[in-house]
$ cat model_20.pdb   # PDB, C-alpha atoms
ATOM      1  CA  MET V   1     104.615 109.953 112.530
ATOM      2  CA  HIS V   2     104.367 106.938 114.806
ATOM      3  CA  GLU V   3     107.023 106.330 117.448
ATOM      4  CA  ILE V   4     108.807 103.001 116.957
ATOM      5  CA  ASN V   5     110.537 101.226 119.838
ATOM      6  CA  GLN V   6     111.655  97.696 120.642
ATOM      7  CA  LYS V   7     108.468  96.902 122.545
ATOM      8  CA  VAL V   8     106.364  97.756 119.492
ATOM      9  CA  ILE V   9     108.634  95.719 117.220
ATOM     10  CA  ASP V  10     108.480  92.673 119.515
ATOM     11  CA  GLU V  11     104.693  92.870 119.780
ATOM     12  CA  ILE V  12     104.251  92.997 116.025
ATOM     13  CA  ARG V  13     106.678  90.127 115.502
ATOM     14  CA  GLU V  14     104.552  88.080 117.864
ATOM     15  CA  LYS V  15     101.441  89.011 115.903
ATOM     16  CA  ALA V  16     103.110  87.926 112.663
ATOM     17  CA  ARG V  17     104.000  84.609 114.293
ATOM     18  CA  ARG V  18     100.342  84.124 115.253
ATOM     19  CA  LEU V  19      99.245  84.895 111.704
ATOM     20  CA  ARG V  20     101.663  82.292 110.321
ATOM     21  CA  ARG V  21     100.321  79.687 112.738
ATOM     22  CA  GLU V  22      96.739  80.419 111.697
ATOM     23  CA  VAL V  23      97.604  80.235 107.996
ATOM     24  CA  ILE V  24      99.209  76.806 108.301
ATOM     25  CA  GLN V  25      96.378  75.423 110.399
ATOM     26  CA  MET V  26      93.688  76.833 108.092
ATOM     27  CA  VAL V  27      95.261  75.549 104.891
ATOM     28  CA  GLY V  28      96.004  72.198 106.513
ATOM     29  CA  ARG V  29      92.411  71.744 107.704
ATOM     30  CA  ALA V  30      91.027  72.772 104.319
ATOM     31  CA  GLY V  31      93.382  70.486 102.427
ATOM     32  CA  SER V  32      94.062  73.224  99.876
ATOM     33  CA  GLY V  33      95.293  76.794  99.674
ATOM     34  CA  HIS V  34      98.379  78.913  99.135
ATOM     35  CA  PRO V  35     100.684  78.902 102.163
ATOM     36  CA  GLY V  36     104.006  79.991 100.625
ATOM     37  CA  GLY V  37     103.078  83.529  99.659
ATOM     38  CA  ALA V  38     100.983  84.008 102.786
ATOM     39  CA  LEU V  39     103.991  83.251 104.979
ATOM     40  CA  SER V  40     106.238  85.584 102.991
ATOM     41  CA  ALA V  41     103.828  88.512 103.458
ATOM     42  CA  ALA V  42     102.910  87.966 107.118
ATOM     43  CA  ASP V  43     105.326  90.559 108.518
ATOM     44  CA  ILE V  44     104.064  93.236 106.118
ATOM     45  CA  VAL V  45     100.418  92.567 106.931
ATOM     46  CA  ALA V  46     101.117  92.514 110.677
ATOM     47  CA  CYS V  47     102.787  95.932 110.480
ATOM     48  CA  LEU V  48      99.832  97.367 108.580
ATOM     49  CA  TYR V  49      97.033  96.035 110.779
ATOM     50  CA  PHE V  50      98.678  96.161 114.196
ATOM     51  CA  TRP V  51     100.424  99.511 113.865
ATOM     52  CA  GLU V  52      99.904 101.534 110.718
ATOM     53  CA  MET V  53      96.277 101.484 109.630
ATOM     54  CA  ASN V  54      93.289 103.353 111.051
ATOM     55  CA  TYR V  55      90.091 101.240 111.098
ATOM     56  CA  ASP V  56      87.257 100.106 113.347
ATOM     57  CA  PRO V  57      86.212  96.412 113.277
ATOM     58  CA  GLN V  58      82.863  97.379 114.808
ATOM     59  CA  ARG V  59      82.231  99.736 111.883
ATOM     60  CA  PRO V  60      83.752  98.029 108.835
ATOM     61  CA  ASP V  61      82.097 100.585 106.528
ATOM     62  CA  TRP V  62      83.373 103.633 108.460
ATOM     63  CA  PRO V  63      84.015 106.179 105.680
ATOM     64  CA  GLU V  64      87.217 107.574 107.231
ATOM     65  CA  ARG V  65      88.942 104.196 107.516
ATOM     66  CA  ASP V  66      92.214 103.294 105.855
ATOM     67  CA  ARG V  67      91.852 100.490 103.325
ATOM     68  CA  PHE V  68      93.947  97.430 102.528
ATOM     69  CA  VAL V  69      93.660  95.700  99.155
ATOM     70  CA  LEU V  70      95.091  92.195  98.887
ATOM     71  CA  SER V  71      95.855  92.237  95.187
ATOM     72  CA  LYS V  72      97.414  88.777  95.319
ATOM     73  CA  GLY V  73      94.099  87.387  96.461
ATOM     74  CA  HIS V  74      95.164  83.736  96.474
ATOM     75  CA  VAL V  75      96.863  84.280  99.856
ATOM     76  CA  ALA V  76      93.440  84.985 101.360
ATOM     77  CA  PRO V  77      94.145  82.866 104.499
ATOM     78  CA  LEU V  78      96.571  85.572 105.622
ATOM     79  CA  LEU V  79      93.903  88.251 105.228
ATOM     80  CA  TYR V  80      91.336  86.107 107.051
ATOM     81  CA  ALA V  81      93.773  85.474 109.889
ATOM     82  CA  VAL V  82      94.443  89.172 110.458
ATOM     83  CA  LEU V  83      90.775  90.153 110.155
ATOM     84  CA  ALA V  84      89.857  87.573 112.801
ATOM     85  CA  GLU V  85      92.768  88.645 115.005
ATOM     86  CA  THR V  86      91.633  92.279 114.861
ATOM     87  CA  GLY V  87      87.987  91.475 115.603
ATOM     88  CA  PHE V  88      86.148  91.743 112.293
ATOM     89  CA  PHE V  89      84.657  88.287 112.852
ATOM     90  CA  PRO V  90      85.046  85.436 115.396
ATOM     91  CA  GLN V  91      88.227  83.364 115.404
ATOM     92  CA  GLU V  92      86.177  80.174 115.149
ATOM     93  CA  MET V  93      85.220  81.072 111.593
ATOM     94  CA  LEU V  94      88.791  80.402 110.511
ATOM     95  CA  GLU V  95      88.032  76.697 110.828
ATOM     96  CA  THR V  96      85.619  76.967 107.881
ATOM     97  CA  LEU V  97      88.155  78.001 105.224
ATOM     98  CA  ARG V  98      87.072  76.722 101.777
ATOM     99  CA  GLN V  99      84.113  74.814 103.180
ATOM    100  CA  PHE V 100      80.870  74.868 101.204
ATOM    101  CA  GLY V 101      78.814  77.895 102.221
ATOM    102  CA  SER V 102      81.611  79.564 104.185
ATOM    103  CA  PRO V 103      82.343  83.258 103.512
ATOM    104  CA  LEU V 104      86.026  82.337 103.826
ATOM    105  CA  GLN V 105      86.430  81.367 100.200
ATOM    106  CA  GLY V 106      89.613  80.510  98.347
ATOM    107  CA  HIS V 107      89.774  84.158  97.265
ATOM    108  CA  PRO V 108      88.352  87.079  99.266
ATOM    109  CA  ASP V 109      84.775  88.184  98.622
ATOM    110  CA  MET V 110      83.900  91.699  99.831
ATOM    111  CA  ARG V 111      80.190  90.949  99.559
ATOM    112  CA  ARG V 112      80.317  88.224 102.186
ATOM    113  CA  LEU V 113      82.997  89.123 104.722
ATOM    114  CA  PRO V 114      83.411  92.328 106.760
ATOM    115  CA  GLY V 115      86.832  93.926 106.435
ATOM    116  CA  VAL V 116      87.457  92.715 102.884
ATOM    117  CA  GLU V 117      87.793  95.843 100.752
ATOM    118  CA  ALA V 118      88.064  94.216  97.310
ATOM    119  CA  SER V 119      87.165  90.870  95.744
ATOM    120  CA  THR V 120      90.523  89.873  94.314
ATOM    121  CA  GLY V 121      92.057  86.801  92.772
ATOM    122  CA  SER V 122      92.326  87.735  89.113
ATOM    123  CA  LEU V 123      95.906  88.896  89.294
ATOM    124  CA  GLY V 124      96.737  92.452  88.332
ATOM    125  CA  GLN V 125      93.420  94.015  89.271
ATOM    126  CA  GLY V 126      93.973  94.939  92.914
ATOM    127  CA  ILE V 127      96.190  97.934  92.332
ATOM    128  CA  GLY V 128      93.551  99.397  90.016
ATOM    129  CA  TRP V 129      91.050  99.090  92.863
ATOM    130  CA  ALA V 130      93.526 100.814  95.175
ATOM    131  CA  VAL V 131      94.145 103.695  92.764
ATOM    132  CA  GLY V 132      90.392 104.244  92.496
ATOM    133  CA  MET V 133      90.014 104.220  96.283
ATOM    134  CA  ALA V 134      92.856 106.694  96.715
ATOM    135  CA  LEU V 135      91.411 109.036  94.120
ATOM    136  CA  ALA V 136      87.926 108.769  95.666
ATOM    137  CA  ALA V 137      89.319 109.606  99.123
ATOM    138  CA  ARG V 138      90.882 112.748  97.705
ATOM    139  CA  LEU V 139      87.709 113.794  95.903
ATOM    140  CA  ASP V 140      85.715 113.228  99.110
ATOM    141  CA  ARG V 141      88.320 115.203 101.088
ATOM    142  CA  ARG V 142      88.957 112.300 103.447
ATOM    143  CA  ASN V 143      92.232 111.505 105.194
ATOM    144  CA  SER V 144      92.010 107.797 104.372
ATOM    145  CA  ARG V 145      95.183 106.096 103.240
ATOM    146  CA  ILE V 146      95.163 103.136 100.866
ATOM    147  CA  TYR V 147      97.562 100.189 101.045
ATOM    148  CA  VAL V 148      97.855  97.472  98.417
ATOM    149  CA  LEU V 149      99.903  94.266  98.452
ATOM    150  CA  LEU V 150     101.026  92.827  95.117
ATOM    151  CA  GLY V 151     102.888  89.633  94.342
ATOM    152  CA  ASP V 152     106.071  89.947  92.312
ATOM    153  CA  GLY V 153     104.806  87.426  89.749
ATOM    154  CA  GLU V 154     101.595  89.417  89.595
ATOM    155  CA  ILE V 155     103.340  92.517  88.293
ATOM    156  CA  GLU V 156     104.039  90.684  85.050
ATOM    157  CA  GLU V 157     100.449  91.707  84.258
ATOM    158  CA  GLY V 158     100.282  94.745  81.978
ATOM    159  CA  MET V 159      97.257  96.303  83.699
ATOM    160  CA  VAL V 160      99.386  96.774  86.819
ATOM    161  CA  TRP V 161     101.490  99.359  85.018
ATOM    162  CA  GLU V 162      98.473 101.222  83.674
ATOM    163  CA  ALA V 163      97.359 101.702  87.292
ATOM    164  CA  VAL V 164     100.887 102.623  88.377
ATOM    165  CA  MET V 165     100.969 105.292  85.662
ATOM    166  CA  ALA V 166      97.563 106.660  86.706
ATOM    167  CA  ALA V 167      98.606 106.881  90.368
ATOM    168  CA  LYS V 168     101.519 109.139  89.484
ATOM    169  CA  HIS V 169      99.419 111.217  87.080
ATOM    170  CA  TYR V 170      96.922 111.975  89.842
ATOM    171  CA  LYS V 171      99.690 112.507  92.443
ATOM    172  CA  LEU V 172      98.141 110.008  94.845
ATOM    173  CA  ASP V 173     100.318 110.491  97.905
ATOM    174  CA  ASN V 174      97.708 108.653  99.988
ATOM    175  CA  LEU V 175      98.586 105.388  98.205
ATOM    176  CA  VAL V 176     101.255 102.885  99.293
ATOM    177  CA  ALA V 177     102.022  99.753  97.273
ATOM    178  CA  PHE V 178     103.970  96.821  98.686
ATOM    179  CA  VAL V 179     105.492  94.269  96.323
ATOM    180  CA  ASP V 180     106.040  90.923  98.065
ATOM    181  CA  ASN V 181     109.245  90.066  96.209
ATOM    182  CA  ASN V 182     109.880  86.424  97.134
ATOM    183  CA  GLY V 183     111.190  85.516  93.692
ATOM    184  CA  LEU V 184     108.868  82.563  93.028
ATOM    185  CA  GLN V 185     105.539  82.114  91.277
ATOM    186  CA  ILE V 186     103.429  79.050  90.562
ATOM    187  CA  ASP V 187     105.448  78.066  87.463
ATOM    188  CA  GLY V 188     108.882  78.570  88.986
ATOM    189  CA  PRO V 189     111.465  81.324  89.608
ATOM    190  CA  LEU V 190     110.468  84.696  88.190
ATOM    191  CA  ALA V 191     113.843  84.975  86.514
ATOM    192  CA  ASP V 192     112.937  81.925  84.394
ATOM    193  CA  VAL V 193     109.219  82.536  83.824
ATOM    194  CA  MET V 194     109.240  86.273  83.054
ATOM    195  CA  SER V 195     111.848  88.440  84.705
ATOM    196  CA  ILE V 196     110.450  91.655  86.151
ATOM    197  CA  GLU V 197     113.718  93.068  87.457
ATOM    198  CA  PRO V 198     114.676  95.764  88.182
ATOM    199  CA  ILE V 199     111.384  96.265  90.031
ATOM    200  CA  ALA V 200     112.370  99.367  91.976
ATOM    201  CA  ASP V 201     113.717 101.122  88.902
ATOM    202  CA  LYS V 202     110.440 100.451  87.087
ATOM    203  CA  PHE V 203     108.400 102.132  89.818
ATOM    204  CA  ARG V 204     110.839 105.039  89.916
ATOM    205  CA  ALA V 205     110.580 105.402  86.146
ATOM    206  CA  PHE V 206     106.804 105.711  86.567
ATOM    207  CA  GLY V 207     107.351 108.530  89.065
ATOM    208  CA  TRP V 208     106.787 106.733  92.370
ATOM    209  CA  GLU V 209     108.790 107.385  95.512
ATOM    210  CA  THR V 210     110.373 103.963  95.988
ATOM    211  CA  ARG V 211     112.237 102.006  98.676
ATOM    212  CA  GLU V 212     113.767  98.527  98.672
ATOM    213  CA  ILE V 213     113.695  96.807 102.051
ATOM    214  CA  ASP V 214     113.986  93.510 103.908
ATOM    215  CA  GLY V 215     110.340  92.454 104.063
ATOM    216  CA  HIS V 216     110.899  90.451 107.250
ATOM    217  CA  ASP V 217     112.573  93.227 109.272
ATOM    218  CA  THR V 218     109.725  94.643 111.339
ATOM    219  CA  GLY V 219     111.597  97.769 112.387
ATOM    220  CA  VAL V 220     112.515  98.587 108.801
ATOM    221  CA  ILE V 221     108.950  98.027 107.571
ATOM    222  CA  LEU V 222     107.603 100.377 110.236
ATOM    223  CA  SER V 223     110.164 103.108 109.605
ATOM    224  CA  THR V 224     109.535 102.901 105.858
ATOM    225  CA  LEU V 225     105.809 103.290 106.450
ATOM    226  CA  ASN V 226     106.610 106.423 108.441
ATOM    227  CA  GLU V 227     108.586 107.683 105.454
ATOM    228  CA  ALA V 228     105.617 106.992 103.208
ATOM    229  CA  ARG V 229     103.434 109.230 105.368
ATOM    230  CA  GLN V 230     105.836 112.111 104.761
ATOM    231  CA  ALA V 231     105.915 111.714 100.970
ATOM    232  CA  LYS V 232     103.995 114.439  99.175
ATOM    233  CA  GLY V 233     102.798 114.718  95.606
ATOM    234  CA  ARG V 234     103.363 111.155  94.464
ATOM    235  CA  PRO V 235     102.565 107.551  95.461
ATOM    236  CA  PHE V 236     104.962 105.387  97.467
ATOM    237  CA  ALA V 237     106.216 101.905  96.518
ATOM    238  CA  ILE V 238     107.922  99.501  98.909
ATOM    239  CA  ILE V 239     109.742  96.599  97.271
ATOM    240  CA  ALA V 240     109.956  94.048 100.070
ATOM    241  CA  ARG V 241     112.522  91.283  99.582
ATOM    242  CA  THR V 242     111.022  88.223 101.220
ATOM    243  CA  THR V 243     111.338  84.455 101.486
ATOM    244  CA  LYS V 244     108.513  82.279 100.199
ATOM    245  CA  GLY V 245     107.357  80.027 103.042
ATOM    246  CA  LYS V 246     109.158  82.169 105.629
ATOM    247  CA  GLY V 247     109.634  80.495 109.004
ATOM    248  CA  CYS V 248     108.910  76.953 107.836
ATOM    249  CA  SER V 249     112.091  75.099 106.890
ATOM    250  CA  PHE V 250     110.576  72.668 104.388
ATOM    251  CA  MET V 251     108.607  75.432 102.646
ATOM    252  CA  GLU V 252     111.221  78.164 102.400
ATOM    253  CA  ASN V 253     112.175  78.959  98.785
ATOM    254  CA  GLN V 254     110.342  75.865  97.514
ATOM    255  CA  VAL V 255     108.057  76.669  94.585
ATOM    256  CA  GLU V 256     105.782  73.649  95.151
ATOM    257  CA  TRP V 257     104.458  75.317  98.312
ATOM    258  CA  HIS V 258     102.918  78.116  96.290
ATOM    259  CA  GLY V 259      99.619  76.226  96.360
ATOM    260  CA  LYS V 260      99.821  73.034  98.406
ATOM    261  CA  ALA V 261      98.429  72.002 101.788
ATOM    262  CA  PRO V 262     100.677  70.505 104.476
ATOM    263  CA  SER V 263     100.035  67.099 106.005
ATOM    264  CA  PRO V 264      99.158  66.798 109.722
ATOM    265  CA  GLU V 265     102.788  65.914 110.466
ATOM    266  CA  GLN V 266     104.019  68.896 108.481
ATOM    267  CA  ILE V 267     101.581  71.176 110.289
ATOM    268  CA  GLU V 268     103.011  70.112 113.637
ATOM    269  CA  GLN V 269     106.565  70.659 112.409
ATOM    270  CA  ALA V 270     105.715  74.098 111.060
ATOM    271  CA  LEU V 271     104.034  75.152 114.308
ATOM    272  CA  ARG V 272     107.100  74.080 116.304
ATOM    273  CA  GLU V 273     109.377  76.031 113.993
ATOM    274  CA  PHE V 274     107.257  79.186 114.142
ATOM    275  CA  ASP V 275     107.577  79.160 117.911
ATOM    276  CA  CYS V 276     111.366  79.228 117.534
ATOM    277  CA  VAL V 277     111.514  82.186 115.128
TER     278      VAL V 277
END

$ encode --input "model_20.pdb" --output "structure tokens"
Amino acid sequence: MHEINQKVIDEIREKARRLRREVIQMVGRAGSGHPGGALSAADIVACLYFWEMNYDPQRPDWPERDRFVLSKGHVAPLLYAVLAETGFFPQEMLETLRQFGSPLQGHPDMRRLPGVEASTGSLGQGIGWAVGMALAARLDRRNSRIYVLLGDGEIEEGMVWEAVMAAKHYKLDNLVAFVDNNGLQIDGPLADVMSIEPIADKFRAFGWETREIDGHDTGVILSTLNEARQAKGRPFAIIARTTKGKGCSFMENQVEWHGKAPSPEQIEQALREFDCV
């Protein structure tokens, strides 16, 4: 179990702020992308990469590594930002997001970019990847842990629940699933499009150890990850209540920022606001 103190929490909060800045600048330069859901998940991803996970950027194929699957692959700029920040590739590459020939595509491609564990973007498939990785780690007798991040709109997909069922059947206690529960998807509020509540009760009904948390409270995220390490005999689900567009006043809880690039003026405003969080 990792020791959590205020210094650790403050450092990770600063990392999350850096990730948010990179996301806004990348999407703004590219003129397209998905900033809203990237901003809502930044605190979760920062906790995973800067505290929880065991990996080596110099050996991206190290067999003993922990693995992160971005099931909601459309928020790829967040993944690219953290991979650059942790040294998988140079920071300058972030300037090439969505440019012709760049490995930083609109959705992550594991064949072209070190650190990307799964080529995702077709919603619902990432958790199946993660279940397979967790089962493989067990069969290979490795200590690797597998983390997967799903969108709440994504779990409307039926294949998600087939994977959830399989994870419990195989007692995959090396698997942790986060649901980024910001309440909005591209077509509007989840409650209007296709309600998936109660999310936590659904995971519990499928036999998962489950927690509901504030997905922007760094200390709570870290302590819940510590709990997940102690869980035995079944997978662990963390339903993280978040705010779409977190930290940017004109994006927060606004569905149009699911997939829209900010203007130069909006970029500057967002960067100022991030520095005040």

$ residues_near_point --input "model_20.pdb" --point "(108.2, 78.7, 111.2)" --cutoff "9 Å" --atoms "only C-alpha atoms" --output "PyMOL selection string"
chain V and resi 17+20-21+39+245-249+269-277

$ resolve_selection --input "model_20.pdb" --expression "the PyMOL selection byres ((chain V and resi 13) around 10)" --output "ChimeraX atom specification"
/V:7-12,14-19,42-43,46-47,216-219,277

$ write_last_selection --input "model_20.pdb" --atoms "C-alpha atoms" --output "mmCIF file, in the frame of the given file"
data_model
loop_
_atom_site.group_PDB
_atom_site.id
_atom_site.type_symbol
_atom_site.label_atom_id
_atom_site.label_comp_id
_atom_site.auth_asym_id
_atom_site.auth_seq_id
_atom_site.Cartn_x
_atom_site.Cartn_y
_atom_site.Cartn_z
ATOM 1 C CA LYS V 7 108.468 96.902 122.545
ATOM 2 C CA VAL V 8 106.364 97.756 119.492
ATOM 3 C CA ILE V 9 108.634 95.719 117.220
ATOM 4 C CA ASP V 10 108.480 92.673 119.515
ATOM 5 C CA GLU V 11 104.693 92.870 119.780
ATOM 6 C CA ILE V 12 104.251 92.997 116.025
ATOM 7 C CA GLU V 14 104.552 88.080 117.864
ATOM 8 C CA LYS V 15 101.441 89.011 115.903
ATOM 9 C CA ALA V 16 103.110 87.926 112.663
ATOM 10 C CA ARG V 17 104.000 84.609 114.293
ATOM 11 C CA ARG V 18 100.342 84.124 115.253
ATOM 12 C CA LEU V 19 99.245 84.895 111.704
ATOM 13 C CA ALA V 42 102.910 87.966 107.118
ATOM 14 C CA ASP V 43 105.326 90.559 108.518
ATOM 15 C CA ALA V 46 101.117 92.514 110.677
ATOM 16 C CA CYS V 47 102.787 95.932 110.480
ATOM 17 C CA HIS V 216 110.899 90.451 107.250
ATOM 18 C CA ASP V 217 112.573 93.227 109.272
ATOM 19 C CA THR V 218 109.725 94.643 111.339
ATOM 20 C CA GLY V 219 111.597 97.769 112.387
ATOM 21 C CA VAL V 277 111.514 82.186 115.128
#

$ residues_around --input "model_20.pdb" --residues "region 94-97 of chain V" --least-positions-apart "6" --cutoff "8 Å" --atoms "all atoms listed in the file" --output "ChimeraX atom specification"
/V:26-27,29-30,77,80-81,84,104-106

$ residues_near_point --input "model_20.pdb" --point "(96.2, 71.1, 106.0)" --cutoff "9 Å" --atoms "all atoms listed in the file" --output "PyMOL selection string"
chain V and resi 24-33+260-264+266-267

$ write_last_selection --input "model_20.pdb" --atoms "C-alpha atoms" --output "PDB file, keeping the file's coordinate frame"
ATOM      1  CA  ILE V  24      99.209  76.806 108.301  1.00  0.00           C
ATOM      2  CA  GLN V  25      96.378  75.423 110.399  1.00  0.00           C
ATOM      3  CA  MET V  26      93.688  76.833 108.092  1.00  0.00           C
ATOM      4  CA  VAL V  27      95.261  75.549 104.891  1.00  0.00           C
ATOM      5  CA  GLY V  28      96.004  72.198 106.513  1.00  0.00           C
ATOM      6  CA  ARG V  29      92.411  71.744 107.704  1.00  0.00           C
ATOM      7  CA  ALA V  30      91.027  72.772 104.319  1.00  0.00           C
ATOM      8  CA  GLY V  31      93.382  70.486 102.427  1.00  0.00           C
ATOM      9  CA  SER V  32      94.062  73.224  99.876  1.00  0.00           C
ATOM     10  CA  GLY V  33      95.293  76.794  99.674  1.00  0.00           C
ATOM     11  CA  LYS V 260      99.821  73.034  98.406  1.00  0.00           C
ATOM     12  CA  ALA V 261      98.429  72.002 101.788  1.00  0.00           C
ATOM     13  CA  PRO V 262     100.677  70.505 104.476  1.00  0.00           C
ATOM     14  CA  SER V 263     100.035  67.099 106.005  1.00  0.00           C
ATOM     15  CA  PRO V 264      99.158  66.798 109.722  1.00  0.00           C
ATOM     16  CA  GLN V 266     104.019  68.896 108.481  1.00  0.00           C
ATOM     17  CA  ILE V 267     101.581  71.176 110.289  1.00  0.00           C
TER      18      ILE V 267
END

$ closest_residue --input "model_20.pdb" --among "V:Ala38, V:Val116, V:Val148, V:Ala240" --to "Val176 (chain V)" --atoms "all atoms listed in the file"
V:Val148

$ axis_aligned_box --input "model_20.pdb" --around "region 33-37 of chain V" --padding-each-side "3 Å" --output "AutoDock Vina command-line options"
--center_x 99.6 --center_y 80.2 --center_z 100.6 --size_x 14.7 --size_y 12.7 --size_z 9.0

$ resolve_selection --input "model_20.pdb" --expression "the PyMOL selection byres ((chain V and resi 88) around 9)" --output "PyMOL selection string"
chain V and resi 56-60+82-87+89-90+113-115

$ closest_residue --input "model_20.pdb" --among "V:Arg65, V:Met133, V:Leu139, V:Ser71" --to "His107 (chain V)" --atoms "only C-alpha atoms"
V:Ser71

$ atom_distance --input "model_20.pdb" --atom1 "CA of Ser122 (chain V)" --atom2 "CA of Gln185 (chain V)"
14.5 Å

$ atom_distance --input "model_20.pdb" --atom1 "CA of Val131 (chain V)" --atom2 "CA of Ile196 (chain V)"
21.3 Å

$ resolve_selection --input "model_20.pdb" --expression "the PyMOL selection byres ((chain V and resi 118) around 9)" --output "MDAnalysis selection string"
chainID V and resid 68:71 108:111 116:117 119:120 126 129:130

$ atom_distance --input "model_20.pdb" --atom1 "CA of Gly158 (chain V)" --atom2 "CA of Pro35 (chain V)"
25.7 Å

$ residues_around --input "model_20.pdb" --residues "Arg138 (chain V)" --least-positions-apart "6" --cutoff "9 Å" --atoms "all atoms listed in the file" --output "VMD selection string"
chain V and resid 144 172 174

$ closest_residue --input "model_20.pdb" --among "V:Ile238, V:Ala166, V:Lys202, V:Val45" --to "Ser223 (chain V)" --atoms "all atoms listed in the file"
V:Ile238

$ closest_residue --input "model_20.pdb" --among "V:Arg142, V:Arg98, V:Arg204, V:Lys168" --to "Ala76 (chain V)" --atoms "only C-alpha atoms"
V:Arg98

$ closest_residue --input "model_20.pdb" --among "V:Glu64, V:Ile221, V:Ile4, V:Ile239" --to "Arg141 (chain V)" --atoms "only C-alpha atoms"
V:Glu64

$ closest_residue --input "model_20.pdb" --among "V:Pro235, V:Gly101, V:Gly183, V:Pro189" --to "Val164 (chain V)" --atoms "all atoms listed in the file"
V:Pro235

$ residues_around --input "model_20.pdb" --residues "Gly151 (chain V)" --least-positions-apart "2" --cutoff "6 Å" --atoms "all atoms listed in the file" --output "VMD selection string"
chain V and resid 72 153 to 154 179 to 180

$ residues_around --input "model_20.pdb" --residues "Gly37 (chain V)" --least-positions-apart "3" --cutoff "7 Å" --atoms "only C-alpha atoms" --output "PyMOL selection string"
chain V and resi 34+40-41+75+244-245+258
